[in-house]
$ cat run12.cif   # mmCIF, C-alpha atoms
data_data
#
loop_
_atom_site.group_PDB
_atom_site.id
_atom_site.type_symbol
_atom_site.label_atom_id
_atom_site.label_comp_id
_atom_site.auth_asym_id
_atom_site.auth_seq_id
_atom_site.Cartn_x
_atom_site.Cartn_y
_atom_site.Cartn_z
ATOM 1 C CA MET A 1 -33.269 -11.689 7.356
ATOM 2 C CA ASN A 2 -32.304 -11.341 10.973
ATOM 3 C CA ARG A 3 -31.484 -8.128 12.827
ATOM 4 C CA ARG A 4 -27.700 -8.626 12.577
ATOM 5 C CA ASP A 5 -27.838 -8.948 8.783
ATOM 6 C CA ALA A 6 -30.078 -5.884 8.523
ATOM 7 C CA ILE A 7 -27.669 -3.778 10.598
ATOM 8 C CA ILE A 8 -24.654 -4.946 8.587
ATOM 9 C CA ARG A 9 -26.383 -4.187 5.281
ATOM 10 C CA LEU A 10 -27.514 -0.779 6.486
ATOM 11 C CA ALA A 11 -23.996 0.074 7.663
ATOM 12 C CA LEU A 12 -22.510 -1.004 4.332
ATOM 13 C CA LEU A 13 -25.107 0.979 2.416
ATOM 14 C CA MET A 14 -24.508 4.127 4.465
ATOM 15 C CA GLY A 15 -20.727 3.786 4.353
ATOM 16 C CA GLY A 16 -20.745 3.080 0.627
ATOM 17 C CA SER A 17 -22.922 6.093 -0.102
ATOM 18 C CA ILE A 18 -20.570 8.358 1.827
ATOM 19 C CA VAL A 19 -17.169 6.940 0.882
ATOM 20 C CA GLY A 20 -17.859 5.410 -2.544
ATOM 21 C CA PRO A 21 -18.278 8.530 -4.693
ATOM 22 C CA ARG A 22 -15.240 10.195 -3.149
ATOM 23 C CA LEU A 23 -13.057 7.173 -3.793
ATOM 24 C CA LEU A 24 -14.324 6.778 -7.346
ATOM 25 C CA GLU A 25 -13.851 10.467 -8.094
ATOM 26 C CA GLY A 26 -10.085 10.509 -7.606
ATOM 27 C CA ALA A 27 -9.223 6.830 -7.651
ATOM 28 C CA TRP A 28 -6.436 5.860 -10.012
ATOM 29 C CA ASN A 29 -6.151 9.327 -11.532
ATOM 30 C CA PRO A 30 -2.476 10.262 -11.186
ATOM 31 C CA ASP A 31 -3.123 13.796 -12.479
ATOM 32 C CA ALA A 32 -5.565 14.458 -9.617
ATOM 33 C CA ALA A 33 -3.145 13.143 -7.009
ATOM 34 C CA GLY A 34 -1.310 15.800 -5.088
ATOM 35 C CA LEU A 35 0.483 13.917 -2.342
ATOM 36 C CA ALA A 36 4.184 13.580 -2.465
ATOM 37 C CA HIS A 37 6.599 16.488 -2.632
ATOM 38 C CA ASP A 38 4.821 18.571 -5.261
ATOM 39 C CA GLY A 39 2.593 15.967 -6.902
ATOM 40 C CA THR A 40 4.782 15.456 -9.944
ATOM 41 C CA PRO A 41 5.022 12.326 -12.077
ATOM 42 C CA ALA A 42 8.430 11.813 -10.449
ATOM 43 C CA ASP A 43 6.671 11.450 -7.085
ATOM 44 C CA LEU A 44 4.344 8.795 -8.461
ATOM 45 C CA ALA A 45 7.347 7.017 -10.006
ATOM 46 C CA LEU A 46 9.075 7.064 -6.589
ATOM 47 C CA LEU A 47 6.020 5.547 -4.891
ATOM 48 C CA ASP A 48 5.728 2.972 -7.700
ATOM 49 C CA GLU A 49 9.376 1.971 -7.170
ATOM 50 C CA ILE A 50 8.946 1.744 -3.408
ATOM 51 C CA GLY A 51 5.855 -0.401 -3.909
ATOM 52 C CA ASP A 52 7.576 -2.580 -6.486
ATOM 53 C CA THR A 53 10.491 -3.093 -4.102
ATOM 54 C CA ILE A 54 8.068 -4.187 -1.365
ATOM 55 C CA ILE A 55 6.048 -6.437 -3.717
ATOM 56 C CA PRO A 56 8.271 -7.200 -6.722
ATOM 57 C CA ALA A 57 7.162 -8.889 -9.910
ATOM 58 C CA THR A 58 7.656 -12.645 -9.973
ATOM 59 C CA ASP A 59 5.503 -14.957 -12.033
ATOM 60 C CA VAL A 60 2.779 -12.486 -10.978
ATOM 61 C CA PRO A 61 3.031 -8.746 -11.765
ATOM 62 C CA GLY A 62 4.324 -6.599 -8.907
ATOM 63 C CA ALA A 63 2.969 -3.478 -7.249
ATOM 64 C CA LYS A 64 4.093 -1.173 -10.038
ATOM 65 C CA ALA A 65 1.746 -2.998 -12.424
ATOM 66 C CA VAL A 66 -1.273 -1.861 -10.380
ATOM 67 C CA ASN A 67 -0.171 1.813 -10.306
ATOM 68 C CA ILE A 68 0.439 1.625 -6.587
ATOM 69 C CA GLY A 69 1.858 5.154 -6.495
ATOM 70 C CA ALA A 70 -1.478 6.636 -7.579
ATOM 71 C CA PHE A 71 -3.313 4.475 -5.036
ATOM 72 C CA ILE A 72 -1.035 5.527 -2.161
ATOM 73 C CA THR A 73 -1.340 9.169 -3.189
ATOM 74 C CA MET A 74 -5.121 9.006 -3.307
ATOM 75 C CA MET A 75 -5.406 7.193 0.020
ATOM 76 C CA VAL A 76 -3.071 9.524 1.898
ATOM 77 C CA ARG A 77 -4.712 12.610 0.396
ATOM 78 C CA ASP A 78 -8.286 11.465 1.054
ATOM 79 C CA CYS A 79 -8.096 9.291 4.162
ATOM 80 C CA TYR A 80 -5.293 10.522 6.402
ATOM 81 C CA GLU A 81 -5.112 13.434 8.817
ATOM 82 C CA PRO A 82 -3.024 16.504 7.862
ATOM 83 C CA GLY A 83 -0.285 15.522 10.340
ATOM 84 C CA GLN A 84 0.022 12.088 8.796
ATOM 85 C CA GLN A 85 -0.009 13.574 5.280
ATOM 86 C CA ALA A 86 2.814 15.923 6.266
ATOM 87 C CA ALA A 87 4.762 13.002 7.786
ATOM 88 C CA VAL A 88 4.485 11.050 4.530
ATOM 89 C CA GLN A 89 5.510 14.054 2.422
ATOM 90 C CA ALA A 90 8.500 14.834 4.637
ATOM 91 C CA GLY A 91 9.407 11.151 4.809
ATOM 92 C CA LEU A 92 9.477 10.759 1.046
ATOM 93 C CA ARG A 93 11.742 13.804 0.750
ATOM 94 C CA ASP A 94 13.943 12.285 3.467
ATOM 95 C CA LEU A 95 14.002 8.902 1.698
ATOM 96 C CA THR A 96 15.110 10.542 -1.545
ATOM 97 C CA ALA A 97 17.814 12.604 0.168
ATOM 98 C CA ARG A 98 19.156 9.752 2.332
ATOM 99 C CA PHE A 99 19.256 7.268 -0.511
ATOM 100 C CA GLY A 100 20.968 9.801 -2.772
ATOM 101 C CA ALA A 101 23.548 10.682 -0.117
ATOM 102 C CA ARG A 102 24.265 7.062 0.723
ATOM 103 C CA GLN A 103 24.206 5.525 -2.756
ATOM 104 C CA GLY A 104 25.090 8.515 -4.932
ATOM 105 C CA ARG A 105 22.109 7.947 -7.200
ATOM 106 C CA GLU A 106 18.333 8.223 -7.372
ATOM 107 C CA PHE A 107 16.086 5.595 -5.768
ATOM 108 C CA VAL A 108 14.149 5.245 -9.023
ATOM 109 C CA GLY A 109 16.314 3.227 -11.365
ATOM 110 C CA ALA A 110 18.661 1.876 -8.697
ATOM 111 C CA PRO A 111 19.276 -1.890 -8.636
ATOM 112 C CA ALA A 112 16.657 -3.897 -6.765
ATOM 113 C CA GLU A 113 19.177 -5.226 -4.214
ATOM 114 C CA MET A 114 20.222 -1.686 -3.304
ATOM 115 C CA ARG A 115 16.599 -0.523 -2.928
ATOM 116 C CA THR A 116 15.669 -3.606 -0.889
ATOM 117 C CA ALA A 117 18.570 -3.164 1.540
ATOM 118 C CA PHE A 118 17.668 0.490 2.038
ATOM 119 C CA LEU A 119 13.951 -0.239 2.588
ATOM 120 C CA ASN A 120 14.847 -3.000 5.043
ATOM 121 C CA GLU A 121 16.716 -0.385 7.089
ATOM 122 C CA LEU A 122 13.685 1.904 6.925
ATOM 123 C CA ASP A 123 11.488 -0.975 8.045
ATOM 124 C CA ARG A 124 13.687 -1.571 11.106
ATOM 125 C CA GLU A 125 13.567 2.163 11.793
ATOM 126 C CA GLN A 126 9.759 2.273 11.600
ATOM 127 C CA ARG A 127 9.440 -0.747 13.913
ATOM 128 C CA GLU A 128 11.614 1.007 16.494
ATOM 129 C CA HIS A 129 9.569 4.180 16.030
ATOM 130 C CA PHE A 130 6.349 2.208 16.536
ATOM 131 C CA ALA A 131 7.678 0.569 19.709
ATOM 132 C CA THR A 132 8.617 3.916 21.263
ATOM 133 C CA LYS A 133 5.848 6.084 19.775
ATOM 134 C CA GLU A 134 4.069 8.407 22.159
ATOM 135 C CA ALA A 135 0.334 9.088 22.071
ATOM 136 C CA GLY A 136 -0.641 11.580 19.398
ATOM 137 C CA GLN A 137 2.596 11.158 17.465
ATOM 138 C CA PRO A 138 1.986 10.197 13.812
ATOM 139 C CA PRO A 139 3.208 6.805 12.653
ATOM 140 C CA HIS A 140 6.454 6.538 10.714
ATOM 141 C CA TYR A 141 5.897 7.401 7.063
ATOM 142 C CA PHE A 142 7.321 4.090 5.870
ATOM 143 C CA ARG A 143 4.750 2.174 7.895
ATOM 144 C CA ILE A 144 1.963 4.092 6.132
ATOM 145 C CA VAL A 145 3.510 3.553 2.698
ATOM 146 C CA LYS A 146 4.137 -0.146 3.355
ATOM 147 C CA GLU A 147 0.617 -0.796 4.683
ATOM 148 C CA LEU A 148 -0.956 1.061 1.754
ATOM 149 C CA THR A 149 1.206 -0.880 -0.688
ATOM 150 C CA VAL A 150 -0.049 -4.182 0.671
ATOM 151 C CA LEU A 151 -3.662 -2.950 0.840
ATOM 152 C CA GLY A 152 -3.602 -1.490 -2.666
ATOM 153 C CA TYR A 153 -1.928 -4.484 -4.244
ATOM 154 C CA PHE A 154 -4.105 -7.163 -2.696
ATOM 155 C CA SER A 155 -7.309 -5.213 -3.331
ATOM 156 C CA SER A 156 -6.407 -4.679 -7.012
ATOM 157 C CA GLU A 157 -7.569 -6.990 -9.769
ATOM 158 C CA ILE A 158 -4.063 -8.399 -10.231
ATOM 159 C CA GLY A 159 -3.619 -9.013 -6.512
ATOM 160 C CA CYS A 160 -7.047 -10.590 -6.129
ATOM 161 C CA THR A 161 -6.965 -12.782 -9.215
ATOM 162 C CA GLN A 162 -3.315 -13.612 -9.869
ATOM 163 C CA ALA A 163 -1.447 -13.383 -6.558
ATOM 164 C CA ILE A 164 -4.085 -15.117 -4.468
ATOM 165 C CA ARG A 165 -5.987 -18.284 -5.283
ATOM 166 C CA PHE A 166 -9.608 -17.853 -4.373
ATOM 167 C CA VAL A 167 -11.805 -20.819 -3.665
ATOM 168 C CA GLU A 168 -15.381 -20.088 -2.768
ATOM 169 C CA VAL A 169 -16.297 -22.187 0.235
ATOM 170 C CA PRO A 170 -20.031 -22.518 0.562
ATOM 171 C CA GLY A 171 -19.636 -25.926 2.156
ATOM 172 C CA SER A 172 -17.258 -27.337 4.722
ATOM 173 C CA TYR A 173 -13.915 -26.161 6.021
ATOM 174 C CA ASN A 174 -10.854 -28.128 4.967
ATOM 175 C CA GLY A 175 -7.901 -27.214 7.172
ATOM 176 C CA ASN A 176 -5.575 -29.676 5.487
ATOM 177 C CA VAL A 177 -5.284 -28.355 1.921
ATOM 178 C CA PRO A 178 -2.126 -29.616 0.229
ATOM 179 C CA TYR A 179 0.525 -26.914 -0.024
ATOM 180 C CA LYS A 180 3.718 -26.952 -2.047
ATOM 181 C CA PRO A 181 6.465 -24.374 -1.469
ATOM 182 C CA GLY A 182 6.000 -21.537 -3.945
ATOM 183 C CA ASP A 183 2.198 -21.901 -4.124
ATOM 184 C CA HIS A 184 0.136 -18.734 -4.081
ATOM 185 C CA LEU A 185 -1.811 -17.737 -0.991
ATOM 186 C CA TRP A 186 -5.272 -19.174 -0.448
ATOM 187 C CA PHE A 187 -8.233 -16.956 0.224
ATOM 188 C CA SER A 188 -11.720 -18.199 0.868
#

$ encode --input "run12.cif" --output "structure tokens"
Amino acid sequence: MNRRDAIIRLALLMGGSIVGPRLLEGAWNPDAAGLAHDGTPADLALLDEIGDTIIPATDVPGAKAVNIGAFITMMVRDCYEPGQQAAVQAGLRDLTARFGARQGREFVGAPAEMRTAFLNELDREQREHFATKEAGQPPHYFRIVKELTVLGYFSSEIGCTQAIRFVEVPGSYNGNVPYKPGDHLWFS
């Protein structure tokens, strides 16, 4: 073992011993999650719908199938600063109010096309916010929710085993793997 490997292993061991138990304690327990508005099952359903609109089910289950709402709740509660947590909470209340005012119905249960169009507007809004953001200002809540949706989905068992094709590459690199439109992503 060389020095670089020893340092990497030591860092992983120390980080895992600090972060691991905390993540395992509240991970995937919707009852322990207290993020959105008041931590109700309706809040988790809202986050599940947002996640499922971002990563919908196709021939592979979507984000709702991995309980993405509980994951987002746990990550925001345990890993984000109070200002960012408040931004997400206020943003989810704003999302619910704006969607209701514009569409005359709840986000949860609305047709997928309606939800997608609304989230596309939010995505444009968060990109503009990011481009003009001043130092110290928290990121737009939709950016946090979107990033956590992608992270949670692709680090779940479904995301890792069904949405991505994994080929262990102990040998050579092949940069010319045949690809057909509609194929799953490759990860090696």

$ residues_around --input "run12.cif" --residues "Arg124 in chain A" --least-positions-apart "5" --cutoff "12 Å" --atoms "all atoms listed in the file" --output "ChimeraX atom specification"
/A:117-119,129-131,140,142-143

$ closest_residue --input "run12.cif" --among "A:Ala163, A:Val145, A:Ile7, A:Leu151" --to "Asp123 in chain A" --atoms "all atoms listed in the file"
A:Val145

$ closest_residue --input "run12.cif" --among "A:Gly182, A:Gly91, A:Gly175, A:Gly159" --to "Gly62 in chain A" --atoms "only C-alpha atoms"
A:Gly159

$ closest_atom_pairs --input "run12.cif" --of "range 54-88 of chain A" --to "range 102-115 of chain A" --cutoff "12 Å" --atoms "all atoms listed in the file" --output "JSON lines"
{"residue": "A:Ile54", "atom": "CA", "partner": "A:Arg115", "partner_atom": "CA", "distance": 9.4}
{"residue": "A:Ile55", "atom": "CA", "partner": "A:Ala112", "partner_atom": "CA", "distance": 11.3}
{"residue": "A:Pro56", "atom": "CA", "partner": "A:Ala112", "partner_atom": "CA", "distance": 9.0}
{"residue": "A:Ala57", "atom": "CA", "partner": "A:Ala112", "partner_atom": "CA", "distance": 11.2}
{"residue": "A:Lys64", "atom": "CA", "partner": "A:Val108", "partner_atom": "CA", "distance": 12.0}

$ residues_around --input "run12.cif" --residues "Asp48 in chain A" --least-positions-apart "4" --cutoff "7 Å" --atoms "all atoms listed in the file" --output "PDB file with C-alpha atoms, keeping the file's coordinate frame"
ATOM      1  CA  LEU A  44       4.344   8.795  -8.461  1.00  0.00           C
ATOM      2  CA  ASP A  52       7.576  -2.580  -6.486  1.00  0.00           C
ATOM      3  CA  LYS A  64       4.093  -1.173 -10.038  1.00  0.00           C
ATOM      4  CA  ASN A  67      -0.171   1.813 -10.306  1.00  0.00           C
ATOM      5  CA  ILE A  68       0.439   1.625  -6.587  1.00  0.00           C
ATOM      6  CA  GLY A  69       1.858   5.154  -6.495  1.00  0.00           C
TER       7      GLY A  69
END

$ atom_distance --input "run12.cif" --atom1 "CA of Met74 in chain A" --atom2 "CA of Pro61 in chain A"
21.3 Å

$ residues_around --input "run12.cif" --residues "Val76 in chain A" --least-positions-apart "4" --cutoff "7 Å" --atoms "only C-alpha atoms" --output "number ranges by chain"
A: 72, 80, 85

$ atom_distance --input "run12.cif" --atom1 "CA of Thr116 in chain A" --atom2 "CA of Ile50 in chain A"
9.0 Å

$ residues_around --input "run12.cif" --residues "Ser156 in chain A" --least-positions-apart "4" --cutoff "8 Å" --atoms "only C-alpha atoms" --output "list in words"
Val66, Gly152 and Cys160 of chain A

$ closest_residue --input "run12.cif" --among "A:Ala45, A:Arg165, A:Arg9, A:Tyr141" --to "Ala90 in chain A" --atoms "all atoms listed in the file"
A:Tyr141

$ atom_distance --input "run12.cif" --atom1 "CA of Ala42 in chain A" --atom2 "CA of Gln89 in chain A"
13.4 Å

$ closest_residue --input "run12.cif" --among "A:Leu122, A:Ile164, A:Val88, A:Ala63" --to "Asp43 in chain A" --atoms "only C-alpha atoms"
A:Val88

$ closest_residue --input "run12.cif" --among "A:Ala86, A:Ala70, A:Ala97, A:Ala135" --to "Leu148 in chain A" --atoms "only C-alpha atoms"
A:Ala70

$ closest_residue --input "run12.cif" --among "A:Leu10, A:Tyr173, A:Ala65, A:Leu46" --to "Ile158 in chain A" --atoms "only C-alpha atoms"
A:Ala65

$ build_atoms --input "run12.cif" --residues "range 128-161 of chain A" --atoms "N, CA and C atoms" --output "PDB file, in the frame of the given file"
ATOM      1  N   GLU A 128      11.116   0.371  15.274  1.00  0.00           N
ATOM      2  CA  GLU A 128      11.614   1.007  16.494  1.00  0.00           C
ATOM      3  C   GLU A 128      10.772   2.234  16.843  1.00  0.00           C
ATOM      4  N   HIS A 129      10.418   2.998  15.826  1.00  0.00           N
ATOM      5  CA  HIS A 129       9.569   4.180  16.030  1.00  0.00           C
ATOM      6  C   HIS A 129       8.218   3.767  16.610  1.00  0.00           C
ATOM      7  N   PHE A 130       7.650   2.692  16.074  1.00  0.00           N
ATOM      8  CA  PHE A 130       6.349   2.208  16.536  1.00  0.00           C
ATOM      9  C   PHE A 130       6.431   1.737  17.980  1.00  0.00           C
ATOM     10  N   ALA A 131       7.526   1.089  18.348  1.00  0.00           N
ATOM     11  CA  ALA A 131       7.678   0.569  19.709  1.00  0.00           C
ATOM     12  C   ALA A 131       7.831   1.682  20.731  1.00  0.00           C
ATOM     13  N   THR A 132       8.380   2.829  20.319  1.00  0.00           N
ATOM     14  CA  THR A 132       8.617   3.916  21.263  1.00  0.00           C
ATOM     15  C   THR A 132       7.702   5.111  21.030  1.00  0.00           C
ATOM     16  N   LYS A 133       6.737   4.983  20.151  1.00  0.00           N
ATOM     17  CA  LYS A 133       5.848   6.084  19.775  1.00  0.00           C
ATOM     18  C   LYS A 133       4.998   6.530  20.957  1.00  0.00           C
ATOM     19  N   GLU A 134       4.896   7.833  21.110  1.00  0.00           N
ATOM     20  CA  GLU A 134       4.069   8.407  22.159  1.00  0.00           C
ATOM     21  C   GLU A 134       2.677   8.683  21.606  1.00  0.00           C
ATOM     22  N   ALA A 135       1.710   8.814  22.482  1.00  0.00           N
ATOM     23  CA  ALA A 135       0.334   9.088  22.071  1.00  0.00           C
ATOM     24  C   ALA A 135       0.267  10.395  21.286  1.00  0.00           C
ATOM     25  N   GLY A 136      -0.466  10.380  20.204  1.00  0.00           N
ATOM     26  CA  GLY A 136      -0.641  11.580  19.398  1.00  0.00           C
ATOM     27  C   GLY A 136       0.432  11.781  18.350  1.00  0.00           C
ATOM     28  N   GLN A 137       1.519  11.038  18.445  1.00  0.00           N
ATOM     29  CA  GLN A 137       2.596  11.158  17.465  1.00  0.00           C
ATOM     30  C   GLN A 137       2.208  10.356  16.218  1.00  0.00           C
ATOM     31  N   PRO A 138       2.372  10.942  15.016  1.00  0.00           N
ATOM     32  CA  PRO A 138       1.986  10.197  13.812  1.00  0.00           C
ATOM     33  C   PRO A 138       2.889   8.993  13.602  1.00  0.00           C
ATOM     34  N   PRO A 139       2.375   7.970  12.935  1.00  0.00           N
ATOM     35  CA  PRO A 139       3.208   6.805  12.653  1.00  0.00           C
ATOM     36  C   PRO A 139       4.329   7.170  11.681  1.00  0.00           C
ATOM     37  N   HIS A 140       5.332   6.348  11.639  1.00  0.00           N
ATOM     38  CA  HIS A 140       6.454   6.538  10.714  1.00  0.00           C
ATOM     39  C   HIS A 140       5.910   6.470   9.285  1.00  0.00           C
ATOM     40  N   TYR A 141       6.405   7.336   8.433  1.00  0.00           N
ATOM     41  CA  TYR A 141       5.897   7.401   7.063  1.00  0.00           C
ATOM     42  C   TYR A 141       6.055   6.088   6.321  1.00  0.00           C
ATOM     43  N   PHE A 142       7.125   5.336   6.600  1.00  0.00           N
ATOM     44  CA  PHE A 142       7.321   4.090   5.870  1.00  0.00           C
ATOM     45  C   PHE A 142       6.275   3.047   6.260  1.00  0.00           C
ATOM     46  N   ARG A 143       5.814   3.098   7.482  1.00  0.00           N
ATOM     47  CA  ARG A 143       4.750   2.174   7.895  1.00  0.00           C
ATOM     48  C   ARG A 143       3.487   2.440   7.089  1.00  0.00           C
ATOM     49  N   ILE A 144       3.146   3.723   6.918  1.00  0.00           N
ATOM     50  CA  ILE A 144       1.963   4.092   6.132  1.00  0.00           C
ATOM     51  C   ILE A 144       2.124   3.626   4.695  1.00  0.00           C
ATOM     52  N   VAL A 145       3.271   3.916   4.100  1.00  0.00           N
ATOM     53  CA  VAL A 145       3.510   3.553   2.698  1.00  0.00           C
ATOM     54  C   VAL A 145       3.481   2.034   2.529  1.00  0.00           C
ATOM     55  N   LYS A 146       4.095   1.323   3.449  1.00  0.00           N
ATOM     56  CA  LYS A 146       4.137  -0.146   3.355  1.00  0.00           C
ATOM     57  C   LYS A 146       2.734  -0.752   3.505  1.00  0.00           C
ATOM     58  N   GLU A 147       1.972  -0.277   4.491  1.00  0.00           N
ATOM     59  CA  GLU A 147       0.617  -0.796   4.683  1.00  0.00           C
ATOM     60  C   GLU A 147      -0.264  -0.495   3.475  1.00  0.00           C
ATOM     61  N   LEU A 148      -0.145   0.711   2.924  1.00  0.00           N
ATOM     62  CA  LEU A 148      -0.956   1.061   1.754  1.00  0.00           C
ATOM     63  C   LEU A 148      -0.530   0.286   0.516  1.00  0.00           C
ATOM     64  N   THR A 149       0.743  -0.054   0.431  1.00  0.00           N
ATOM     65  CA  THR A 149       1.206  -0.880  -0.688  1.00  0.00           C
ATOM     66  C   THR A 149       0.546  -2.245  -0.635  1.00  0.00           C
ATOM     67  N   VAL A 150       0.557  -2.856   0.522  1.00  0.00           N
ATOM     68  CA  VAL A 150      -0.049  -4.182   0.671  1.00  0.00           C
ATOM     69  C   VAL A 150      -1.559  -4.103   0.437  1.00  0.00           C
ATOM     70  N   LEU A 151      -2.220  -3.114   1.028  1.00  0.00           N
ATOM     71  CA  LEU A 151      -3.662  -2.950   0.840  1.00  0.00           C
ATOM     72  C   LEU A 151      -4.006  -2.728  -0.627  1.00  0.00           C
ATOM     73  N   GLY A 152      -3.305  -1.807  -1.273  1.00  0.00           N
ATOM     74  CA  GLY A 152      -3.602  -1.490  -2.666  1.00  0.00           C
ATOM     75  C   GLY A 152      -3.350  -2.651  -3.596  1.00  0.00           C
ATOM     76  N   TYR A 153      -2.259  -3.364  -3.359  1.00  0.00           N
ATOM     77  CA  TYR A 153      -1.928  -4.484  -4.244  1.00  0.00           C
ATOM     78  C   TYR A 153      -2.946  -5.613  -4.109  1.00  0.00           C
ATOM     79  N   PHE A 154      -3.229  -6.017  -2.881  1.00  0.00           N
ATOM     80  CA  PHE A 154      -4.105  -7.163  -2.696  1.00  0.00           C
ATOM     81  C   PHE A 154      -5.582  -6.828  -2.844  1.00  0.00           C
ATOM     82  N   SER A 155      -5.927  -5.549  -3.011  1.00  0.00           N
ATOM     83  CA  SER A 155      -7.309  -5.213  -3.331  1.00  0.00           C
ATOM     84  C   SER A 155      -7.448  -4.841  -4.806  1.00  0.00           C
ATOM     85  N   SER A 156      -6.354  -4.928  -5.568  1.00  0.00           N
ATOM     86  CA  SER A 156      -6.407  -4.679  -7.012  1.00  0.00           C
ATOM     87  C   SER A 156      -6.832  -5.959  -7.731  1.00  0.00           C
ATOM     88  N   GLU A 157      -7.165  -5.815  -8.988  1.00  0.00           N
ATOM     89  CA  GLU A 157      -7.569  -6.990  -9.769  1.00  0.00           C
ATOM     90  C   GLU A 157      -6.418  -7.990  -9.874  1.00  0.00           C
ATOM     91  N   ILE A 158      -5.223  -7.499 -10.122  1.00  0.00           N
ATOM     92  CA  ILE A 158      -4.063  -8.399 -10.231  1.00  0.00           C
ATOM     93  C   ILE A 158      -3.825  -9.122  -8.915  1.00  0.00           C
ATOM     94  N   GLY A 159      -3.840  -8.385  -7.814  1.00  0.00           N
ATOM     95  CA  GLY A 159      -3.619  -9.013  -6.512  1.00  0.00           C
ATOM     96  C   GLY A 159      -4.683 -10.032  -6.164  1.00  0.00           C
ATOM     97  N   CYS A 160      -5.935  -9.698  -6.479  1.00  0.00           N
ATOM     98  CA  CYS A 160      -7.047 -10.590  -6.129  1.00  0.00           C
ATOM     99  C   CYS A 160      -7.160 -11.803  -7.042  1.00  0.00           C
ATOM    100  N   THR A 161      -6.745 -11.671  -8.280  1.00  0.00           N
ATOM    101  CA  THR A 161      -6.965 -12.782  -9.215  1.00  0.00           C
ATOM    102  C   THR A 161      -5.707 -13.557  -9.557  1.00  0.00           C
TER     103      THR A 161
END
